[in-house]
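*Asks:* Got entry00.cif for you, mmCIF, C-alpha atoms and all ligand atoms:
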data_data
loop_
_atom_site.label_atom_id
_atom_site.label_comp_id
_atom_site.auth_asym_id
_atom_site.auth_seq_id
_atom_site.Cartn_x
_atom_site.Cartn_y
_atom_site.Cartn_z
CA MET A 25 82.91 147.49 82.80
CA ASN A 26 85.98 147.03 84.90
CA ALA A 27 86.83 143.35 84.91
CA THR A 28 88.95 143.65 88.05
CA LEU A 29 85.89 144.61 90.11
CA ASP A 30 83.98 141.54 89.01
CA ASN A 31 86.96 139.33 89.48
CA PRO A 32 89.15 140.65 92.29
CA GLN A 33 91.66 137.91 91.65
CA SER A 34 92.62 139.48 88.35
CA ILE A 35 94.10 142.45 90.25
CA HIS A 36 96.77 140.10 91.60
CA PRO A 37 96.73 137.21 89.20
CA LYS A 38 99.73 135.58 90.95
CA SER A 39 98.46 135.99 94.57
CA PHE A 40 97.52 132.53 95.84
CA PRO A 41 96.82 130.44 92.77
CA GLU A 42 99.60 127.96 93.48
CA ARG A 43 98.59 127.39 97.08
CA ARG A 44 95.12 126.52 95.93
CA ALA A 45 96.60 123.96 93.53
CA VAL A 46 97.64 121.70 96.46
CA GLU A 47 94.30 122.20 98.15
CA ARG A 48 92.46 121.40 94.93
CA LEU A 49 94.49 118.23 94.56
CA LEU A 50 93.67 117.13 98.12
CA ALA A 51 90.01 118.20 98.18
CA PRO A 52 88.45 114.91 96.99
CA ILE A 53 90.45 112.85 99.45
CA ASP A 54 89.78 115.26 102.33
CA GLN A 55 86.11 114.83 101.57
CA ILE A 56 86.43 111.05 101.84
CA ALA A 57 88.39 111.42 105.09
CA GLU A 58 85.69 113.57 106.67
CA ALA A 59 83.10 110.84 106.28
CA SER A 60 85.42 107.89 106.92
CA SER A 61 85.91 105.80 110.04
CA HIS A 62 89.27 104.47 108.73
CA LEU A 63 90.91 107.51 107.13
CA TRP A 64 92.26 110.64 108.78
CA SER A 65 93.83 113.73 107.27
CA LYS A 66 96.66 114.97 109.50
CA SER A 67 99.08 117.40 107.85
CA LEU A 68 102.43 117.83 109.52
CA GLY A 69 105.07 120.49 109.84
CA GLN A 70 104.91 124.10 108.76
CA PHE A 71 107.38 126.13 106.79
CA GLU A 72 107.50 129.36 104.85
CA SER A 73 108.29 129.87 101.20
CA SER A 74 107.72 133.00 99.11
CA GLY A 75 105.70 134.51 101.95
CA GLN A 76 103.28 131.57 102.14
CA THR A 77 102.92 128.92 104.78
CA TYR A 78 103.17 125.28 103.73
CA SER A 79 102.70 121.97 105.46
CA LEU A 80 103.13 118.39 104.33
CA PRO A 81 99.86 116.56 103.70
CA ARG A 82 99.63 113.25 105.55
CA TYR A 83 96.83 110.68 105.61
CA ILE A 84 96.47 107.80 107.98
CA PHE A 85 94.45 104.74 107.01
CA LEU A 86 93.84 102.17 109.73
CA GLY A 87 92.70 98.83 108.36
CA PRO A 88 90.60 96.37 110.39
CA LYS A 89 92.59 94.78 113.19
CA GLY A 90 94.77 91.85 112.20
CA GLY A 91 96.42 89.25 114.40
CA GLY A 92 99.12 91.32 116.11
CA ASP A 93 100.29 94.91 116.29
CA PRO A 94 99.48 96.99 113.22
CA ILE A 95 102.05 96.76 110.42
CA ARG A 96 103.27 100.30 109.78
CA ILE A 97 103.91 101.23 106.16
CA GLY A 98 104.95 104.70 104.98
CA ILE A 99 104.19 105.63 101.38
CA PHE A 100 105.75 108.80 99.97
CA ALA A 101 104.87 110.53 96.69
CA THR A 102 105.66 113.70 94.72
CA ILE A 103 108.99 114.36 96.40
CA HIS A 104 109.83 115.48 92.87
CA GLY A 105 107.31 118.26 92.44
CA ASP A 106 106.67 117.55 88.77
CA GLU A 107 105.55 113.96 89.47
CA PRO A 108 101.96 114.27 90.72
CA GLU A 109 101.18 110.80 89.30
CA GLY A 110 102.21 109.20 92.61
CA ALA A 111 99.86 111.40 94.63
CA LEU A 112 97.00 110.44 92.32
CA GLY A 113 98.00 106.78 92.63
CA LEU A 114 97.74 107.10 96.42
CA PHE A 115 94.31 108.69 96.14
CA ARG A 116 93.19 105.82 93.93
CA LEU A 117 94.47 103.36 96.54
CA LEU A 118 92.63 105.23 99.31
CA THR A 119 89.40 105.21 97.31
CA LEU A 120 89.71 101.44 96.89
CA LEU A 121 90.55 100.90 100.57
CA GLU A 122 87.65 103.06 101.68
CA LYS A 123 85.29 100.84 99.68
CA GLU A 124 86.95 97.67 100.91
CA PRO A 125 88.85 98.33 104.17
CA ALA A 126 89.71 94.62 104.53
CA LEU A 127 92.36 95.14 101.81
CA ALA A 128 94.32 96.93 104.54
CA LYS A 129 93.58 94.43 107.31
CA GLY A 130 96.32 94.53 109.93
CA TYR A 131 97.89 97.71 108.56
CA ALA A 132 98.46 101.25 109.70
CA LEU A 133 99.24 103.10 106.48
CA LEU A 134 100.82 106.52 106.64
CA LEU A 135 100.56 108.25 103.30
CA TYR A 136 102.46 111.38 102.28
CA PRO A 137 101.06 112.28 98.85
CA VAL A 138 102.85 115.61 98.32
CA CYS A 139 106.32 115.58 99.92
CA ASN A 140 107.40 118.61 97.88
CA PRO A 141 104.47 121.06 97.92
CA THR A 142 106.40 124.06 96.54
CA GLY A 143 107.77 121.98 93.66
CA PHE A 144 104.28 120.64 93.01
CA GLU A 145 102.91 124.18 92.78
CA ASP A 146 105.76 125.33 90.55
CA ASN A 147 105.72 122.07 88.52
CA THR A 148 109.45 121.59 89.11
CA ARG A 149 111.45 118.54 90.15
CA GLN A 150 113.24 120.62 92.80
CA SER A 151 111.64 122.42 95.69
CA ARG A 152 111.44 126.20 95.48
CA SER A 153 114.80 126.37 97.27
CA GLY A 154 116.34 124.81 94.14
CA LYS A 155 117.15 121.50 95.87
CA ASP A 156 116.37 117.99 94.65
CA LEU A 157 114.90 116.87 97.98
CA ASN A 158 115.45 113.23 97.05
CA ARG A 159 119.21 113.73 97.37
CA GLU A 160 119.09 115.35 100.81
CA PHE A 161 118.15 112.53 103.20
CA TRP A 162 120.24 111.57 106.21
CA LYS A 163 122.91 114.17 105.60
CA GLU A 164 121.72 116.83 108.07
CA SER A 165 119.94 118.76 105.37
CA PRO A 166 118.41 122.07 106.48
CA GLN A 167 115.54 121.63 103.99
CA PRO A 168 112.35 121.74 106.12
CA GLU A 169 110.50 119.11 104.06
CA VAL A 170 113.39 116.69 104.52
CA LYS A 171 113.65 117.37 108.26
CA PHE A 172 109.92 116.75 108.78
CA LEU A 173 110.01 113.55 106.75
CA GLU A 174 113.14 112.28 108.52
CA THR A 175 111.37 112.82 111.85
CA GLU A 176 108.38 110.84 110.58
CA ILE A 177 110.63 108.00 109.45
CA TRP A 178 112.39 108.00 112.86
CA THR A 179 109.20 108.19 114.87
CA HIS A 180 107.11 105.55 113.15
CA ALA A 181 109.91 103.03 112.59
CA PHE A 182 108.09 101.69 109.54
CA HIS A 183 108.08 98.00 108.63
CA GLY A 184 108.13 99.11 105.03
CA ILE A 185 108.85 102.30 103.10
CA ILE A 186 107.53 102.83 99.59
CA ALA A 187 108.33 105.81 97.36
CA LEU A 188 106.38 106.60 94.19
CA HIS A 189 108.00 108.27 91.20
CA SER A 190 107.25 108.85 87.53
CA ASP A 191 110.12 108.79 85.03
CA ASP A 192 109.83 110.61 81.70
CA THR A 193 112.87 108.77 80.31
CA SER A 194 111.45 105.26 80.87
CA ASP A 195 109.09 103.46 78.50
CA GLY A 196 107.95 101.02 81.17
CA LEU A 197 107.42 100.24 84.84
CA TYR A 198 110.38 99.51 87.07
CA GLY A 199 111.49 99.83 90.66
CA PHE A 200 114.39 100.11 93.08
CA VAL A 201 114.77 97.81 96.07
CA ASN A 202 116.85 98.28 99.18
CA GLY A 203 116.77 97.21 102.79
CA ALA A 204 115.31 93.87 103.84
CA VAL A 205 116.05 90.86 101.64
CA LEU A 206 112.36 90.40 100.98
CA SER A 207 112.08 93.78 99.20
CA GLU A 208 112.68 92.08 95.87
CA ASN A 209 110.09 89.41 96.69
CA LEU A 210 107.54 92.19 97.07
CA LEU A 211 108.54 94.26 94.06
CA GLU A 212 108.40 91.36 91.60
CA PRO A 213 104.72 90.51 92.22
CA ALA A 214 103.89 94.23 92.43
CA LEU A 215 105.34 94.84 88.96
CA ARG A 216 103.59 91.74 87.66
CA THR A 217 100.17 93.02 88.82
CA ALA A 218 100.86 96.52 87.52
CA GLU A 219 101.70 95.03 84.11
CA ALA A 220 97.95 94.64 83.59
CA PHE A 221 98.04 98.38 82.88
CA LEU A 222 101.53 99.23 81.57
CA PRO A 223 104.52 97.31 80.22
CA ARG A 224 107.59 96.64 82.31
CA ASN A 225 110.94 98.22 81.45
CA LEU A 226 113.05 95.20 80.52
CA ARG A 227 116.27 97.03 79.66
CA GLN A 228 119.47 95.74 81.21
CA GLU A 229 120.36 99.23 82.29
CA ILE A 230 117.91 101.72 83.79
CA ASP A 231 118.85 105.20 84.97
CA GLY A 232 122.52 104.22 84.57
CA PHE A 233 122.17 101.21 86.92
CA PRO A 234 122.19 97.51 86.01
CA ALA A 235 118.61 96.20 86.00
CA ARG A 236 116.95 92.79 85.85
CA LYS A 237 113.32 92.49 84.76
CA GLY A 238 112.66 96.05 85.86
CA ILE A 239 114.34 95.66 89.25
CA VAL A 240 117.31 97.83 90.24
CA ASN A 241 119.34 97.06 93.37
CA HIS A 242 121.33 100.29 93.44
CA GLY A 243 120.27 103.77 94.32
CA TYR A 244 121.35 107.37 94.53
CA ASN A 245 122.95 108.83 97.59
CA GLY A 246 120.56 110.88 99.72
CA VAL A 247 117.26 109.37 98.55
CA LEU A 248 114.38 108.94 100.97
CA THR A 249 115.14 105.74 102.87
CA ALA A 250 114.81 104.22 106.31
CA VAL A 251 117.11 105.40 109.07
CA PRO A 252 120.57 104.16 107.97
CA GLY A 253 121.73 101.10 109.92
CA LEU A 254 118.32 100.42 111.44
CA LYS A 255 117.89 96.86 112.78
CA PRO A 256 115.94 95.04 111.58
CA PRO A 257 115.89 96.92 108.27
CA PRO A 258 112.44 97.55 106.81
CA PHE A 259 111.66 96.65 103.23
CA GLU A 260 112.23 99.58 100.91
CA ILE A 261 110.73 99.88 97.46
CA THR A 262 110.67 102.69 94.93
CA LEU A 263 108.07 102.29 92.19
CA GLU A 264 108.50 104.16 88.92
CA THR A 265 105.89 104.56 86.20
CA PRO A 266 106.66 105.74 82.65
CA GLN A 267 105.59 109.38 82.86
CA LYS A 268 104.74 109.71 79.16
CA ALA A 269 102.15 106.91 79.40
CA PRO A 270 98.47 107.88 79.83
CA LEU A 271 97.94 109.26 83.33
CA HIS A 272 95.02 107.01 84.26
CA LEU A 273 97.11 103.92 83.47
CA GLN A 274 99.93 105.15 85.71
CA VAL A 275 97.41 105.77 88.50
CA GLU A 276 95.92 102.29 88.13
CA ALA A 277 99.38 100.72 87.94
CA PHE A 278 100.41 102.39 91.23
CA ALA A 279 97.20 101.36 93.00
CA ALA A 280 97.50 97.77 91.76
CA ALA A 281 101.18 97.49 92.71
CA LEU A 282 100.54 98.91 96.20
CA GLN A 283 97.63 96.55 96.85
CA THR A 284 99.82 93.62 95.84
CA ILE A 285 102.57 94.70 98.23
CA LEU A 286 100.03 94.84 101.08
CA VAL A 287 98.75 91.35 100.28
CA GLU A 288 102.20 89.81 99.84
CA TYR A 289 103.78 91.42 102.91
CA ARG A 290 100.90 90.38 105.18
CA TYR A 291 101.28 86.86 103.83
CA LEU A 292 105.06 86.85 104.45
CA MET A 293 104.55 88.18 107.99
CA ALA A 294 101.99 85.46 108.74
CA ILE A 295 104.42 82.77 107.55
CA ALA A 296 107.24 84.29 109.61
CA GLN A 297 105.08 84.24 112.75
CA ASN A 298 104.19 80.58 112.26
CA ILE A 299 107.77 79.41 111.84
ZN ZN B 301 111.17 111.22 90.84
#
For the structure just supplied, provide its representation as C-alpha cells.
*Replies:*
Amino acid sequence: MNATLDNPQSIHPKSFPERRAVERLLAPIDQIAEASSHLWSKSLGQFESSGQTYSLPRYIFLGPKGGGDPIRIGIFATIHGDEPEGALGLFRLLTLLEKEPALAKGYALLLYPVCNPTGFEDNTRQSRSGKDLNREFWKESPQPEVKFLETEIWTHAFHGIIALHSDDTSDGLYGFVNGAVLSENLLEPALRTAEAFLPRNLRQEIDGFPARKGIVNHGYNGVLTAVPGLKPPPFEITLETPQKAPLHLQVEAFAAALQTILVEYRYLMAIAQNI
C-alpha cells in the first residue's frame, strides 16, 4: 500500500507543520475565548515569511469594572521564539481569570503570547529573519513584528508593560525593572509569590548586570519597552524563569507573579487616588 495516499501530508512532510504549531498552541485558549464574556481573541498585523502568512496573536481580557477608567496592562511573551514558557504562563493566567474574573477587576489586559511566531515555529531565539527582535525596539527597525508591537505600545499607552522570558543560564527566578519608580515595588512581591514554585536567583550578578535579590535595574539596548520619554512613564517589568526547571513550575510561577502584580498595582492606584 502506498502510504502517501493514506496520508497526503507525507508527500510534503514540511508543508505547513510549523504553522499548525502556533495554532495548536493557541487552540485551548481560543476555545475559552469563544465561550467567554470577558476574553476576546484579536490577532493583529500580517506579514509574510517563507511563503506563509503570519499574524501576532493578541488576547484582550476585560475585568469587571473598577472605580475609574480601566487600567491598561500589556503583557508580552515569546519574543524569543524558543521561550514558549511565557505563552503558557499567560494561558494559565487567562484560565484563572476566566474562572474568577474579579482577579482582573478594573483592568483591561492586552496579552501578546507569541510575539515571535516564526521563531516559535523554528524553535529559535531569533525570528526567521535572523534578528533578535528584543534588540530592535525604538530604533526604526523594519522587522514587521517589532513595527506592529511598537504601534500597539503607542496606541494603548499602557499603564504597565510586562515581558515574560525564560533563561536557560539562570538557576532561579529574577526580573528586570525600568520605568516608573514603583516597578521595583511590584517586582519584589511578584517574585516572593512566585517563590512558592521556584527559587529566586540570589546572585549578585545576573546576565552580566549587578543584581539584588533577583532584581536587575539595567537592561539591554533595544528591548521591548514603553515609548522612550513617555510622561508619565508606565511601570515596566521583565520576569525571567529558569528555563531548565520543570515546565509546569515555570508556568505556575508566571501566573502567580502576574496575579500579584495585578493585586499590588490596583492597590497602589487606589492609594494614589485617595491622596
Ligand atoms: Zn528571552
*Asks:* Expressed in Å to a single decimal, how great is the separation between atom CA of A:Thr265 and atom CA of A:Pro141?
*Replies:*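 Distance reported for this atom pair: 20.3 Å.
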*Asks:* Within 6 Å of ligand ZN 301 (chain B) (counting only C-alpha atoms and all ligand atoms), which residues show up? I'd like them as a list in words.
*Replies:*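 These are the residues that qualify: His104, His189 and Ser190 of chain A.
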*Asks:* Taking all atoms listed in the file into account, name the residue in A:Gly91, A:Gly196, A:Pro52, A:Gly246 that is nearest to A:Arg227.
*Replies:* A:Gly196
*Asks:* Would you list the contacts of stretch 71-77 of chain A as a ChimeraX atom specification, taking every protein, DNA or RNA residue within 8 Å and counting only C-alpha atoms, but skipping same-chain residues closer than 6 positions in sequence?
*Replies:* /A:142,152,168
*Asks:* Need the shell around A:Ile97: protein/DNA/RNA residues with any atom at most 12 Å away, counting only C-alpha atoms. Skip same-chain ones fewer than 6 positions apart. Format as a ChimeraX atom specification?
*Replies:* /A:83-87,128,130-136,176-177,180-187,250,258-261,282,285-286,289-290
*Asks:* Of the residues A:Phe161, A:Phe144, A:Trp64, A:Phe278, which is the one nearest to A:Thr102, using all atoms listed in the file?
*Replies:*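 Counting all atoms listed in the file, the residue closest to A:Thr102 is A:Phe144.
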*Asks:* Which residue, A:Val170, A:Ile295, A:Ala280, A:Leu118, has the smallest gap to A:Asp54 when you use only C-alpha atoms?
*Replies:* A:Leu118
*Asks:* What is the atom CA of A:Ala220 to atom CA of A:Leu120 distance in Å?
*Replies:* 17.1 Å
*Asks:* Pick from A:Pro266, A:Pro108, A:Pro257, A:Gly199: nearest to A:Val240, with only C-alpha atoms counted?
*Replies:*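 Once distances to A:Val240 are computed over only C-alpha atoms, the minimum belongs to A:Gly199.
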*Asks:* Name the closest residue to A:Gln167 among the candidates A:Gln267, A:Gln70, A:Asn241, A:Ser194; distances are taken between atoms, counting all atoms listed in the file.
*Replies:*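 So, comparing all the options, the nearest one is A:Gln70.
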*Asks:* May I have the residues within 10 Å of A:His272 as a count of residues only, using only C-alpha atoms and disregarding those fewer than 6 positions away in the same chain?
*Replies:* 6
